[in-house]
Amino acid sequence: TLLLHGQPIPTTHVLTARETGSRVDWSVEPRGEALLKDLVVSVRLVEVGATTQASYTVEYRLPDVHVRGFFGGAIHDDFETAADGSLRQLASQIEDAMAP
């Protein structure tokens, strides 16, 4: 389930690319009719010295101009909030795994 602007949307997540330890991409396919199209999520990990830099990218289309006008900013904010939370949780899990 994808939660957008407080509304649960039933989805199927399909792995589209993976490089162990550095990258995972997946598409998110809403079940039934959806206003959001071509949703792809990518997580990248890059070694930077003794640390790792993580990036989280979300790409999507809102083909209907009215949807973009009314909901575009809110949907962008939802994805930004979700990405921030996901990266914080990833960092927490890594820290826990590395703790003595």
# chains A, B, ... in the order shown; residues from 1 in each chain; ligands from 1
>>> closest_atom_pairs(of="stretch 2-27 of chain A", to="stretch 61-81 of chain A", cutoff="12 Å", atoms="only C-alpha atoms", output="CSV")
residue,atom,partner,partner_atom,distance
A:Leu2,CA,A:Phe79,CA,10.2
A:Leu3,CA,A:Asp78,CA,8.3
A:Leu4,CA,A:Asp78,CA,6.2
A:His5,CA,A:Asp78,CA,6.2
A:Gly6,CA,A:Asp78,CA,8.8
A:Gln7,CA,A:Asp78,CA,10.8
>>> write_last_selection(atoms="N, CA, C and O atoms", output="compact mmCIF listing (two decimals), in the first residue's frame")
# COMPACT_ATOMS: atom_id res chain seq x y z
N LEU A 2 0.52 2.18 -0.83
CA LEU A 2 1.20 3.47 -0.91
C LEU A 2 0.29 4.49 -0.24
O LEU A 2 -0.91 4.52 -0.51
N LEU A 3 0.82 5.29 0.67
CA LEU A 3 0.03 6.29 1.36
C LEU A 3 0.35 7.65 0.75
O LEU A 3 1.47 8.14 0.89
N LEU A 4 -0.61 8.24 0.05
CA LEU A 4 -0.43 9.54 -0.57
C LEU A 4 -1.47 10.51 -0.05
O LEU A 4 -2.67 10.27 -0.18
N HIS A 5 -0.98 11.56 0.55
CA HIS A 5 -1.84 12.62 1.08
C HIS A 5 -2.92 12.04 2.00
O HIS A 5 -4.09 12.38 1.90
N GLY A 6 -2.48 11.08 2.82
CA GLY A 6 -3.37 10.47 3.79
C GLY A 6 -4.29 9.40 3.25
O GLY A 6 -5.09 8.85 3.99
N GLN A 7 -4.18 9.10 1.95
CA GLN A 7 -5.07 8.11 1.35
C GLN A 7 -4.29 6.85 0.99
O GLN A 7 -3.31 6.93 0.25
>>> select_by_dssp(residues="chain A", states="alpha helix (DSSP H)", output="VMD selection string")
chain A and resid 65 to 98
>>> write_last_selection(atoms="N, CA and C atoms", output="compact mmCIF listing (two decimals), in the first residue's frame")
# COMPACT_ATOMS: atom_id res chain seq x y z
N VAL A 65 -3.63 17.74 -16.04
CA VAL A 65 -3.24 19.09 -15.63
C VAL A 65 -4.00 19.53 -14.38
N HIS A 66 -5.24 19.12 -14.22
CA HIS A 66 -6.01 19.49 -13.04
C HIS A 66 -5.45 18.83 -11.79
N VAL A 67 -5.05 17.57 -11.93
CA VAL A 67 -4.44 16.86 -10.79
C VAL A 67 -3.14 17.56 -10.40
N ARG A 68 -2.32 17.91 -11.39
CA ARG A 68 -1.06 18.62 -11.09
C ARG A 68 -1.35 19.91 -10.34
N GLY A 69 -2.35 20.65 -10.80
CA GLY A 69 -2.66 21.94 -10.18
C GLY A 69 -3.16 21.82 -8.76
N PHE A 70 -4.06 20.86 -8.54
CA PHE A 70 -4.68 20.73 -7.22
C PHE A 70 -3.84 19.94 -6.23
N PHE A 71 -3.16 18.89 -6.71
CA PHE A 71 -2.49 17.97 -5.79
C PHE A 71 -0.98 17.85 -5.99
N GLY A 72 -0.44 18.42 -7.04
CA GLY A 72 0.98 18.23 -7.36
C GLY A 72 1.92 18.57 -6.22
N GLY A 73 1.73 19.72 -5.60
CA GLY A 73 2.60 20.13 -4.49
C GLY A 73 2.46 19.22 -3.29
N ALA A 74 1.24 18.82 -2.98
CA ALA A 74 1.01 17.94 -1.83
C ALA A 74 1.64 16.57 -2.06
N ILE A 75 1.50 16.04 -3.28
CA ILE A 75 2.10 14.73 -3.59
C ILE A 75 3.62 14.81 -3.50
N HIS A 76 4.19 15.89 -4.02
CA HIS A 76 5.65 16.09 -3.91
C HIS A 76 6.06 16.09 -2.45
N ASP A 77 5.34 16.82 -1.61
CA ASP A 77 5.66 16.86 -0.18
C ASP A 77 5.53 15.48 0.47
N ASP A 78 4.49 14.72 0.08
CA ASP A 78 4.33 13.37 0.63
C ASP A 78 5.53 12.49 0.31
N PHE A 79 5.99 12.54 -0.95
CA PHE A 79 7.14 11.72 -1.33
C PHE A 79 8.41 12.20 -0.64
N GLU A 80 8.58 13.50 -0.48
CA GLU A 80 9.77 14.02 0.21
C GLU A 80 9.77 13.57 1.66
N THR A 81 8.63 13.63 2.31
CA THR A 81 8.53 13.18 3.70
C THR A 81 8.81 11.68 3.80
N ALA A 82 8.25 10.89 2.89
CA ALA A 82 8.49 9.44 2.89
C ALA A 82 9.96 9.13 2.67
N ALA A 83 10.60 9.84 1.74
CA ALA A 83 12.03 9.60 1.46
C ALA A 83 12.87 9.94 2.68
N ASP A 84 12.59 11.08 3.31
CA ASP A 84 13.34 11.46 4.52
C ASP A 84 13.19 10.41 5.61
N GLY A 85 11.97 9.94 5.82
CA GLY A 85 11.73 8.91 6.85
C GLY A 85 12.43 7.61 6.52
N SER A 86 12.39 7.21 5.25
CA SER A 86 13.05 5.97 4.83
C SER A 86 14.55 6.05 5.03
N LEU A 87 15.14 7.18 4.67
CA LEU A 87 16.60 7.32 4.83
C LEU A 87 16.99 7.38 6.31
N ARG A 88 16.18 8.02 7.15
CA ARG A 88 16.46 8.02 8.59
C ARG A 88 16.39 6.61 9.16
N GLN A 89 15.39 5.84 8.72
CA GLN A 89 15.26 4.47 9.22
C GLN A 89 16.43 3.61 8.73
N LEU A 90 16.84 3.79 7.48
CA LEU A 90 17.99 3.05 6.95
C LEU A 90 19.24 3.38 7.77
N ALA A 91 19.46 4.65 8.05
CA ALA A 91 20.63 5.06 8.85
C ALA A 91 20.57 4.44 10.24
N SER A 92 19.39 4.41 10.84
CA SER A 92 19.22 3.83 12.17
C SER A 92 19.53 2.33 12.16
N GLN A 93 19.05 1.63 11.15
CA GLN A 93 19.31 0.19 11.06
C GLN A 93 20.79 -0.10 10.85
N ILE A 94 21.46 0.73 10.05
CA ILE A 94 22.89 0.55 9.84
C ILE A 94 23.65 0.79 11.14
N GLU A 95 23.30 1.86 11.85
CA GLU A 95 23.96 2.17 13.13
C GLU A 95 23.75 1.03 14.12
N ASP A 96 22.52 0.51 14.19
CA ASP A 96 22.24 -0.61 15.10
C ASP A 96 23.06 -1.85 14.74
N ALA A 97 23.19 -2.11 13.44
CA ALA A 97 23.94 -3.29 12.98
C ALA A 97 25.44 -3.15 13.29
N MET A 98 25.94 -1.92 13.34
CA MET A 98 27.36 -1.69 13.56
C MET A 98 27.70 -1.52 15.03
>>> select_by_dssp(residues="stretch 7-66 of chain A", states="strand (DSSP E or B)", output="PyMOL selection string")
chain A and resi 7-9+11-19+23-30+37-48+51-61
>>> atom_distance(atom1="atom CA of A:Leu39", atom2="atom CA of A:Val24")
14.3 Å
>>> atom_distance(atom1="atom CA of A:Ala54", atom2="atom CA of A:Arg23")
9.6 Å
>>> atom_distance(atom1="atom CA of A:Asp25", atom2="atom CA of A:Tyr60")
13.4 Å
>>> residues_around(residues="A:Ser22", least_positions_apart="2", cutoff="6 Å", atoms="only C-alpha atoms", output="VMD selection string")
chain A and resid 19 to 20 44 to 45
>>> write_last_selection(atoms="N, CA, C and O atoms", output="CSV table (one decimal), in the first residue's frame")
chain,number,residue,atom,x,y,z
A,19,GLU,N,21.8,-3.8,-7.8
A,19,GLU,CA,23.2,-4.0,-7.7
A,19,GLU,C,23.5,-4.2,-6.2
A,19,GLU,O,23.4,-3.2,-5.5
A,20,THR,N,23.9,-5.4,-5.8
A,20,THR,CA,24.1,-5.7,-4.4
A,20,THR,C,25.0,-4.6,-3.7
A,20,THR,O,26.1,-4.4,-4.2
A,44,ARG,N,20.2,4.6,-3.8
A,44,ARG,CA,21.6,4.4,-4.2
A,44,ARG,C,22.4,4.6,-2.9
A,44,ARG,O,22.2,5.5,-2.1
A,45,LEU,N,23.5,3.8,-2.8
A,45,LEU,CA,24.5,3.9,-1.8
A,45,LEU,C,25.8,4.0,-2.4
A,45,LEU,O,26.2,3.2,-3.3
>>> closest_residue(among="A:Ile9, A:Leu15, A:Val46, A:Val58", to="A:Ser27", atoms="only C-alpha atoms")
A:Leu15
>>> closest_residue(among="A:Val48, A:Thr57, A:Ala99, A:Val43", to="A:Ala17", atoms="only C-alpha atoms")
A:Val43
